[in-house]
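Pasting protein.pdb here (PDB, N, CA and C atoms):
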```
ATOM      1  N   MET A  14     -29.386   3.166  10.762  1.00  0.00           N
ATOM      2  CA  MET A  14     -27.950   3.133  10.533  1.00  0.00           C
ATOM      3  C   MET A  14     -27.703   3.066   9.026  1.00  0.00           C
ATOM      4  N   SER A  15     -26.843   3.928   8.552  1.00  0.00           N
ATOM      5  CA  SER A  15     -26.563   3.965   7.115  1.00  0.00           C
ATOM      6  C   SER A  15     -25.632   2.824   6.708  1.00  0.00           C
ATOM      7  N   PRO A  16     -25.686   2.416   5.420  1.00  0.00           N
ATOM      8  CA  PRO A  16     -24.796   1.344   4.960  1.00  0.00           C
ATOM      9  C   PRO A  16     -23.319   1.678   5.141  1.00  0.00           C
ATOM     10  N   LYS A  17     -22.977   2.961   4.995  1.00  0.00           N
ATOM     11  CA  LYS A  17     -21.568   3.337   5.137  1.00  0.00           C
ATOM     12  C   LYS A  17     -21.073   3.120   6.565  1.00  0.00           C
ATOM     13  N   SER A  18     -21.916   3.407   7.543  1.00  0.00           N
ATOM     14  CA  SER A  18     -21.486   3.216   8.931  1.00  0.00           C
ATOM     15  C   SER A  18     -21.397   1.740   9.296  1.00  0.00           C
ATOM     16  N   GLN A  19     -22.095   0.874   8.577  1.00  0.00           N
ATOM     17  CA  GLN A  19     -22.038  -0.551   8.848  1.00  0.00           C
ATOM     18  C   GLN A  19     -20.785  -1.198   8.273  1.00  0.00           C
ATOM     19  N   ASN A  20     -20.299  -0.672   7.187  1.00  0.00           N
ATOM     20  CA  ASN A  20     -19.150  -1.281   6.518  1.00  0.00           C
ATOM     21  C   ASN A  20     -18.135  -0.198   6.155  1.00  0.00           C
ATOM     22  N   TYR A  21     -17.762   0.609   7.116  1.00  0.00           N
ATOM     23  CA  TYR A  21     -16.852   1.728   6.869  1.00  0.00           C
ATOM     24  C   TYR A  21     -15.413   1.238   6.884  1.00  0.00           C
ATOM     25  N   LYS A  22     -14.695   1.483   5.806  1.00  0.00           N
ATOM     26  CA  LYS A  22     -13.294   1.078   5.703  1.00  0.00           C
ATOM     27  C   LYS A  22     -12.461   2.253   5.223  1.00  0.00           C
ATOM     28  N   PRO A  23     -12.007   3.101   6.131  1.00  0.00           N
ATOM     29  CA  PRO A  23     -11.156   4.200   5.700  1.00  0.00           C
ATOM     30  C   PRO A  23      -9.785   3.678   5.278  1.00  0.00           C
ATOM     31  N   ILE A  24      -9.193   4.368   4.357  1.00  0.00           N
ATOM     32  CA  ILE A  24      -7.880   3.936   3.883  1.00  0.00           C
ATOM     33  C   ILE A  24      -6.839   4.876   4.480  1.00  0.00           C
ATOM     34  N   HIS A  25      -6.352   4.516   5.633  1.00  0.00           N
ATOM     35  CA  HIS A  25      -5.288   5.255   6.297  1.00  0.00           C
ATOM     36  C   HIS A  25      -4.155   4.272   6.544  1.00  0.00           C
ATOM     37  N   VAL A  26      -2.987   4.630   6.100  1.00  0.00           N
ATOM     38  CA  VAL A  26      -1.839   3.745   6.213  1.00  0.00           C
ATOM     39  C   VAL A  26      -0.714   4.492   6.902  1.00  0.00           C
ATOM     40  N   LEU A  27      -0.101   3.843   7.840  1.00  0.00           N
ATOM     41  CA  LEU A  27       1.077   4.395   8.507  1.00  0.00           C
ATOM     42  C   LEU A  27       2.273   3.573   8.050  1.00  0.00           C
ATOM     43  N   GLN A  28       3.239   4.233   7.442  1.00  0.00           N
ATOM     44  CA  GLN A  28       4.445   3.553   6.994  1.00  0.00           C
ATOM     45  C   GLN A  28       5.628   4.133   7.745  1.00  0.00           C
ATOM     46  N   LEU A  29       6.502   3.253   8.182  1.00  0.00           N
ATOM     47  CA  LEU A  29       7.690   3.662   8.922  1.00  0.00           C
ATOM     48  C   LEU A  29       8.936   3.189   8.197  1.00  0.00           C
ATOM     49  N   ARG A  30       9.929   4.039   8.121  1.00  0.00           N
ATOM     50  CA  ARG A  30      11.238   3.643   7.598  1.00  0.00           C
ATOM     51  C   ARG A  30      12.143   3.458   8.807  1.00  0.00           C
ATOM     52  N   THR A  31      12.854   2.355   8.826  1.00  0.00           N
ATOM     53  CA  THR A  31      13.640   2.035   9.998  1.00  0.00           C
ATOM     54  C   THR A  31      14.988   1.437   9.609  1.00  0.00           C
ATOM     55  N   SER A  32      15.940   1.586  10.487  1.00  0.00           N
ATOM     56  CA  SER A  32      17.250   0.964  10.265  1.00  0.00           C
ATOM     57  C   SER A  32      17.376  -0.341  11.047  1.00  0.00           C
ATOM     58  N   VAL A  33      16.352  -0.669  11.831  1.00  0.00           N
ATOM     59  CA  VAL A  33      16.342  -1.945  12.569  1.00  0.00           C
ATOM     60  C   VAL A  33      15.349  -2.881  11.891  1.00  0.00           C
ATOM     61  N   SER A  34      15.270  -4.088  12.391  1.00  0.00           N
ATOM     62  CA  SER A  34      14.358  -5.076  11.826  1.00  0.00           C
ATOM     63  C   SER A  34      12.909  -4.593  11.932  1.00  0.00           C
ATOM     64  N   PRO A  35      12.165  -4.602  10.836  1.00  0.00           N
ATOM     65  CA  PRO A  35      10.771  -4.146  10.891  1.00  0.00           C
ATOM     66  C   PRO A  35       9.921  -4.979  11.854  1.00  0.00           C
ATOM     67  N   GLN A  36      10.231  -6.261  11.957  1.00  0.00           N
ATOM     68  CA  GLN A  36       9.481  -7.131  12.857  1.00  0.00           C
ATOM     69  C   GLN A  36       9.581  -6.657  14.301  1.00  0.00           C
ATOM     70  N   SER A  37      10.723  -6.072  14.657  1.00  0.00           N
ATOM     71  CA  SER A  37      10.916  -5.634  16.041  1.00  0.00           C
ATOM     72  C   SER A  37      10.086  -4.405  16.385  1.00  0.00           C
ATOM     73  N   LEU A  38       9.560  -3.707  15.387  1.00  0.00           N
ATOM     74  CA  LEU A  38       8.784  -2.492  15.632  1.00  0.00           C
ATOM     75  C   LEU A  38       7.272  -2.691  15.546  1.00  0.00           C
ATOM     76  N   LEU A  39       6.825  -3.884  15.181  1.00  0.00           N
ATOM     77  CA  LEU A  39       5.395  -4.098  15.020  1.00  0.00           C
ATOM     78  C   LEU A  39       4.632  -3.860  16.321  1.00  0.00           C
ATOM     79  N   VAL A  40       5.037  -4.516  17.381  1.00  0.00           N
ATOM     80  CA  VAL A  40       4.329  -4.398  18.664  1.00  0.00           C
ATOM     81  C   VAL A  40       4.471  -2.996  19.269  1.00  0.00           C
ATOM     82  N   PRO A  41       5.685  -2.412  19.330  1.00  0.00           N
ATOM     83  CA  PRO A  41       5.784  -1.055  19.889  1.00  0.00           C
ATOM     84  C   PRO A  41       4.993   0.001  19.102  1.00  0.00           C
ATOM     85  N   THR A  42       4.958  -0.111  17.792  1.00  0.00           N
ATOM     86  CA  THR A  42       4.221   0.849  16.981  1.00  0.00           C
ATOM     87  C   THR A  42       2.721   0.715  17.227  1.00  0.00           C
ATOM     88  N   GLU A  43       2.260  -0.514  17.282  1.00  0.00           N
ATOM     89  CA  GLU A  43       0.845  -0.746  17.558  1.00  0.00           C
ATOM     90  C   GLU A  43       0.477  -0.220  18.949  1.00  0.00           C
ATOM     91  N   ALA A  44       1.347  -0.423  19.923  1.00  0.00           N
ATOM     92  CA  ALA A  44       1.100   0.073  21.286  1.00  0.00           C
ATOM     93  C   ALA A  44       1.082   1.600  21.319  1.00  0.00           C
ATOM     94  N   LEU A  45       1.956   2.242  20.568  1.00  0.00           N
ATOM     95  CA  LEU A  45       1.999   3.707  20.531  1.00  0.00           C
ATOM     96  C   LEU A  45       0.724   4.273  19.918  1.00  0.00           C
ATOM     97  N   VAL A  46       0.253   3.666  18.845  1.00  0.00           N
ATOM     98  CA  VAL A  46      -0.989   4.130  18.219  1.00  0.00           C
ATOM     99  C   VAL A  46      -2.149   3.975  19.195  1.00  0.00           C
ATOM    100  N   ARG A  47      -2.211   2.859  19.895  1.00  0.00           N
ATOM    101  CA  ARG A  47      -3.288   2.639  20.878  1.00  0.00           C
ATOM    102  C   ARG A  47      -3.177   3.622  22.049  1.00  0.00           C
ATOM    103  N   GLU A  48      -1.955   3.995  22.409  1.00  0.00           N
ATOM    104  CA  GLU A  48      -1.762   4.975  23.475  1.00  0.00           C
ATOM    105  C   GLU A  48      -2.260   6.356  23.048  1.00  0.00           C
ATOM    106  N   LEU A  49      -1.989   6.715  21.792  1.00  0.00           N
ATOM    107  CA  LEU A  49      -2.415   8.015  21.283  1.00  0.00           C
ATOM    108  C   LEU A  49      -3.934   8.103  21.138  1.00  0.00           C
ATOM    109  N   ASP A  50      -4.552   7.027  20.655  1.00  0.00           N
ATOM    110  CA  ASP A  50      -6.004   7.011  20.505  1.00  0.00           C
ATOM    111  C   ASP A  50      -6.504   5.582  20.706  1.00  0.00           C
ATOM    112  N   PRO A  51      -7.003   5.269  21.889  1.00  0.00           N
ATOM    113  CA  PRO A  51      -7.466   3.904  22.170  1.00  0.00           C
ATOM    114  C   PRO A  51      -8.646   3.476  21.299  1.00  0.00           C
ATOM    115  N   ASN A  52      -9.387   4.423  20.751  1.00  0.00           N
ATOM    116  CA  ASN A  52     -10.550   4.087  19.918  1.00  0.00           C
ATOM    117  C   ASN A  52     -10.185   3.868  18.448  1.00  0.00           C
ATOM    118  N   LEU A  53      -8.956   4.128  18.095  1.00  0.00           N
ATOM    119  CA  LEU A  53      -8.526   3.960  16.713  1.00  0.00           C
ATOM    120  C   LEU A  53      -8.263   2.481  16.438  1.00  0.00           C
ATOM    121  N   PRO A  54      -8.955   1.907  15.460  1.00  0.00           N
ATOM    122  CA  PRO A  54      -8.713   0.490  15.178  1.00  0.00           C
ATOM    123  C   PRO A  54      -7.367   0.284  14.492  1.00  0.00           C
ATOM    124  N   VAL A  55      -6.628  -0.690  14.945  1.00  0.00           N
ATOM    125  CA  VAL A  55      -5.341  -1.047  14.341  1.00  0.00           C
ATOM    126  C   VAL A  55      -5.465  -2.490  13.881  1.00  0.00           C
ATOM    127  N   TYR A  56      -5.276  -2.699  12.604  1.00  0.00           N
ATOM    128  CA  TYR A  56      -5.406  -4.051  12.060  1.00  0.00           C
ATOM    129  C   TYR A  56      -4.500  -4.202  10.850  1.00  0.00           C
ATOM    130  N   GLU A  57      -4.285  -5.435  10.459  1.00  0.00           N
ATOM    131  CA  GLU A  57      -3.434  -5.774   9.321  1.00  0.00           C
ATOM    132  C   GLU A  57      -2.062  -5.123   9.422  1.00  0.00           C
ATOM    133  N   VAL A  58      -1.438  -5.210  10.583  1.00  0.00           N
ATOM    134  CA  VAL A  58      -0.090  -4.674  10.771  1.00  0.00           C
ATOM    135  C   VAL A  58       0.873  -5.638  10.095  1.00  0.00           C
ATOM    136  N   MET A  59       1.690  -5.114   9.187  1.00  0.00           N
ATOM    137  CA  MET A  59       2.611  -5.975   8.433  1.00  0.00           C
ATOM    138  C   MET A  59       3.809  -5.173   7.956  1.00  0.00           C
ATOM    139  N   THR A  60       4.843  -5.886   7.593  1.00  0.00           N
ATOM    140  CA  THR A  60       6.027  -5.246   7.027  1.00  0.00           C
ATOM    141  C   THR A  60       5.765  -4.949   5.545  1.00  0.00           C
ATOM    142  N   MET A  61       6.605  -4.132   4.941  1.00  0.00           N
ATOM    143  CA  MET A  61       6.442  -3.814   3.524  1.00  0.00           C
ATOM    144  C   MET A  61       6.659  -5.058   2.660  1.00  0.00           C
ATOM    145  N   ASP A  62       7.588  -5.918   3.066  1.00  0.00           N
ATOM    146  CA  ASP A  62       7.791  -7.171   2.318  1.00  0.00           C
ATOM    147  C   ASP A  62       6.524  -8.014   2.314  1.00  0.00           C
ATOM    148  N   GLN A  63       5.852  -8.084   3.450  1.00  0.00           N
ATOM    149  CA  GLN A  63       4.604  -8.842   3.527  1.00  0.00           C
ATOM    150  C   GLN A  63       3.524  -8.175   2.681  1.00  0.00           C
ATOM    151  N   ALA A  64       3.471  -6.858   2.697  1.00  0.00           N
ATOM    152  CA  ALA A  64       2.447  -6.135   1.942  1.00  0.00           C
ATOM    153  C   ALA A  64       2.650  -6.274   0.435  1.00  0.00           C
ATOM    154  N   MET A  65       3.897  -6.408   0.006  1.00  0.00           N
ATOM    155  CA  MET A  65       4.189  -6.463  -1.427  1.00  0.00           C
ATOM    156  C   MET A  65       4.079  -7.863  -2.023  1.00  0.00           C
ATOM    157  N   THR A  66       3.824  -8.866  -1.208  1.00  0.00           N
ATOM    158  CA  THR A  66       3.626 -10.208  -1.746  1.00  0.00           C
ATOM    159  C   THR A  66       2.159 -10.398  -2.079  1.00  0.00           C
ATOM    160  N   GLY A  67       1.879 -11.297  -2.950  1.00  0.00           N
ATOM    161  CA  GLY A  67       0.494 -11.609  -3.288  1.00  0.00           C
ATOM    162  C   GLY A  67      -0.140 -10.574  -4.198  1.00  0.00           C
ATOM    163  N   ALA A  68      -1.445 -10.400  -4.027  1.00  0.00           N
ATOM    164  CA  ALA A  68      -2.232  -9.541  -4.922  1.00  0.00           C
ATOM    165  C   ALA A  68      -1.824  -8.074  -4.823  1.00  0.00           C
ATOM    166  N   ASN A  69      -1.477  -7.608  -3.635  1.00  0.00           N
ATOM    167  CA  ASN A  69      -1.088  -6.200  -3.492  1.00  0.00           C
ATOM    168  C   ASN A  69       0.111  -5.871  -4.372  1.00  0.00           C
ATOM    169  N   GLY A  70       1.117  -6.688  -4.334  1.00  0.00           N
ATOM    170  CA  GLY A  70       2.304  -6.453  -5.156  1.00  0.00           C
ATOM    171  C   GLY A  70       1.997  -6.508  -6.641  1.00  0.00           C
ATOM    172  N   TYR A  71       1.124  -7.433  -7.023  1.00  0.00           N
ATOM    173  CA  TYR A  71       0.751  -7.562  -8.438  1.00  0.00           C
ATOM    174  C   TYR A  71       0.038  -6.308  -8.924  1.00  0.00           C
ATOM    175  N   PHE A  72      -0.944  -5.822  -8.148  1.00  0.00           N
ATOM    176  CA  PHE A  72      -1.688  -4.637  -8.563  1.00  0.00           C
ATOM    177  C   PHE A  72      -0.806  -3.400  -8.577  1.00  0.00           C
ATOM    178  N   LEU A  73       0.095  -3.274  -7.632  1.00  0.00           N
ATOM    179  CA  LEU A  73       1.010  -2.132  -7.637  1.00  0.00           C
ATOM    180  C   LEU A  73       1.933  -2.177  -8.848  1.00  0.00           C
ATOM    181  N   PHE A  74       2.364  -3.376  -9.234  1.00  0.00           N
ATOM    182  CA  PHE A  74       3.196  -3.525 -10.431  1.00  0.00           C
ATOM    183  C   PHE A  74       2.424  -3.076 -11.671  1.00  0.00           C
ATOM    184  N   ILE A  75       1.177  -3.511 -11.787  1.00  0.00           N
ATOM    185  CA  ILE A  75       0.346  -3.146 -12.942  1.00  0.00           C
ATOM    186  C   ILE A  75       0.102  -1.639 -12.967  1.00  0.00           C
ATOM    187  N   ILE A  76      -0.233  -1.061 -11.812  1.00  0.00           N
ATOM    188  CA  ILE A  76      -0.503   0.375 -11.745  1.00  0.00           C
ATOM    189  C   ILE A  76       0.745   1.176 -12.098  1.00  0.00           C
ATOM    190  N   ARG A  77       1.900   0.687 -11.686  1.00  0.00           N
ATOM    191  CA  ARG A  77       3.140   1.410 -11.961  1.00  0.00           C
ATOM    192  C   ARG A  77       3.463   1.416 -13.448  1.00  0.00           C
ATOM    193  N   TRP A  78       3.233   0.304 -14.133  1.00  0.00           N
ATOM    194  CA  TRP A  78       3.628   0.207 -15.532  1.00  0.00           C
ATOM    195  C   TRP A  78       2.519   0.529 -16.526  1.00  0.00           C
ATOM    196  N   ALA A  79       1.273   0.656 -16.076  1.00  0.00           N
ATOM    197  CA  ALA A  79       0.163   0.945 -16.986  1.00  0.00           C
ATOM    198  C   ALA A  79       0.350   2.258 -17.752  1.00  0.00           C
ATOM    199  N   PRO A  80       0.803   3.349 -17.132  1.00  0.00           N
ATOM    200  CA  PRO A  80       0.988   4.588 -17.907  1.00  0.00           C
ATOM    201  C   PRO A  80       2.074   4.479 -18.972  1.00  0.00           C
ATOM    202  N   ALA A  81       2.976   3.547 -18.846  1.00  0.00           N
ATOM    203  CA  ALA A  81       4.056   3.417 -19.817  1.00  0.00           C
ATOM    204  C   ALA A  81       3.589   2.746 -21.116  1.00  0.00           C
ATOM    205  N   LEU A  82       2.490   2.019 -21.075  1.00  0.00           N
ATOM    206  CA  LEU A  82       2.044   1.301 -22.273  1.00  0.00           C
ATOM    207  C   LEU A  82       1.697   2.239 -23.437  1.00  0.00           C
ATOM    208  N   PRO A  83       0.947   3.317 -23.237  1.00  0.00           N
ATOM    209  CA  PRO A  83       0.709   4.226 -24.370  1.00  0.00           C
ATOM    210  C   PRO A  83       1.999   4.860 -24.888  1.00  0.00           C
ATOM    211  N   ALA A  84       2.915   5.173 -24.003  1.00  0.00           N
ATOM    212  CA  ALA A  84       4.181   5.762 -24.436  1.00  0.00           C
ATOM    213  C   ALA A  84       4.976   4.761 -25.278  1.00  0.00           C
ATOM    214  N   LEU A  85       5.021   3.524 -24.849  1.00  0.00           N
ATOM    215  CA  LEU A  85       5.730   2.507 -25.625  1.00  0.00           C
ATOM    216  C   LEU A  85       5.082   2.270 -26.980  1.00  0.00           C
ATOM    217  N   SER A  86       3.754   2.248 -27.010  1.00  0.00           N
ATOM    218  CA  SER A  86       3.095   2.063 -28.303  1.00  0.00           C
ATOM    219  C   SER A  86       3.342   3.260 -29.220  1.00  0.00           C
ATOM    220  N   GLY A  87       3.408   4.458 -28.650  1.00  0.00           N
ATOM    221  CA  GLY A  87       3.739   5.636 -29.450  1.00  0.00           C
ATOM    222  C   GLY A  87       5.137   5.563 -30.023  1.00  0.00           C
ATOM    223  N   LEU A  88       6.079   5.088 -29.230  1.00  0.00           N
ATOM    224  CA  LEU A  88       7.448   4.933 -29.724  1.00  0.00           C
ATOM    225  C   LEU A  88       7.515   3.897 -30.833  1.00  0.00           C
ATOM    226  N   LEU A  89       6.783   2.819 -30.674  1.00  0.00           N
ATOM    227  CA  LEU A  89       6.770   1.789 -31.717  1.00  0.00           C
ATOM    228  C   LEU A  89       6.198   2.328 -33.014  1.00  0.00           C
ATOM    229  N   VAL A  90       5.162   3.142 -32.947  1.00  0.00           N
ATOM    230  CA  VAL A  90       4.565   3.726 -34.152  1.00  0.00           C
ATOM    231  C   VAL A  90       5.571   4.683 -34.796  1.00  0.00           C
ATOM    232  N   CYS A  91       6.242   5.501 -34.000  1.00  0.00           N
ATOM    233  CA  CYS A  91       7.213   6.453 -34.554  1.00  0.00           C
ATOM    234  C   CYS A  91       8.371   5.734 -35.241  1.00  0.00           C
ATOM    235  N   TYR A  92       8.898   4.697 -34.599  1.00  0.00           N
ATOM    236  CA  TYR A  92      10.037   3.986 -35.181  1.00  0.00           C
ATOM    237  C   TYR A  92       9.640   3.124 -36.362  1.00  0.00           C
ATOM    238  N   SER A  93       8.397   2.680 -36.421  1.00  0.00           N
ATOM    239  CA  SER A  93       7.983   1.859 -37.555  1.00  0.00           C
ATOM    240  C   SER A  93       7.820   2.694 -38.831  1.00  0.00           C
ATOM    241  N   ARG A  94       7.662   3.997 -38.691  1.00  0.00           N
ATOM    242  CA  ARG A  94       7.513   4.859 -39.856  1.00  0.00           C
ATOM    243  C   ARG A  94       8.859   5.208 -40.480  1.00  0.00           C
ATOM    244  N   TRP A  95       9.924   4.993 -39.753  1.00  0.00           N
ATOM    245  CA  TRP A  95      11.250   5.340 -40.288  1.00  0.00           C
ATOM    246  C   TRP A  95      11.690   4.264 -41.160  1.00  0.00           C
TER     247      TRP A  95
END
```
Would you write the structure of this file as structure tokens?
Amino acid sequence: MSPKSQNYKPIHVLQLRTSVSPQSLLVPTEALVRELDPNLPVYEVMTMDQAMTGANGYFLFIIRWAPALPALSGLLVCYSRW
């Protein structure tokens, strides 16, 4: 057995936009996925608010603003020369 098959973690995420409470859709969505493919593992089912708290939210914040840092430093260099 290869190491990848022992600790395989595919990154597949299903996100739903809803006009009702997200909590009310957790169980039905999980049941629908199991109905479509009973062998598909479903785990860590959570709302977007839950996903954005803690380390996930922090890393997404850093990733979102990291590309802006070189641009800001470039602007500071340009304005300091004037």
| task | Counting only C-alpha atoms, find the residues whose atoms lie at most 7 Å from (5.7, 2.7, 2.4) (file coordinates) and write them out as a PyMOL selection string. | result | chain A and resi 28-29+61
| One-decimal distance in Å that lies between CA of Val58 (chain A) and CA of Gly70 (chain A) | 16.2 Å
| message | Using Å and a single decimal, report how far atom N of Ile75 (chain A) sits from CA of Gln36 (chain A). | response |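 Separation between CA of Gln36 (chain A) and atom N of Ile75 (chain A): 26.3 Å.
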| Best match for closeness to Leu39 (chain A) among A:Asn69, A:Ser86, A:Ser93, A:Thr60, counting all atoms listed in the file |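 Under the stated criterion, the closest residue is A:Thr60.
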| message | Counting only C-alpha atoms, I want the residues whose atoms come within 12 Å of (-3.2, 1.9, 16.6) in the file frame, returned as a ChimeraX atom specification. | response | /A:25-27,39-58
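Pairwise distance (CA of Arg77 (chain A), CA of Ala64 (chain A)) equals 15.8 Å.
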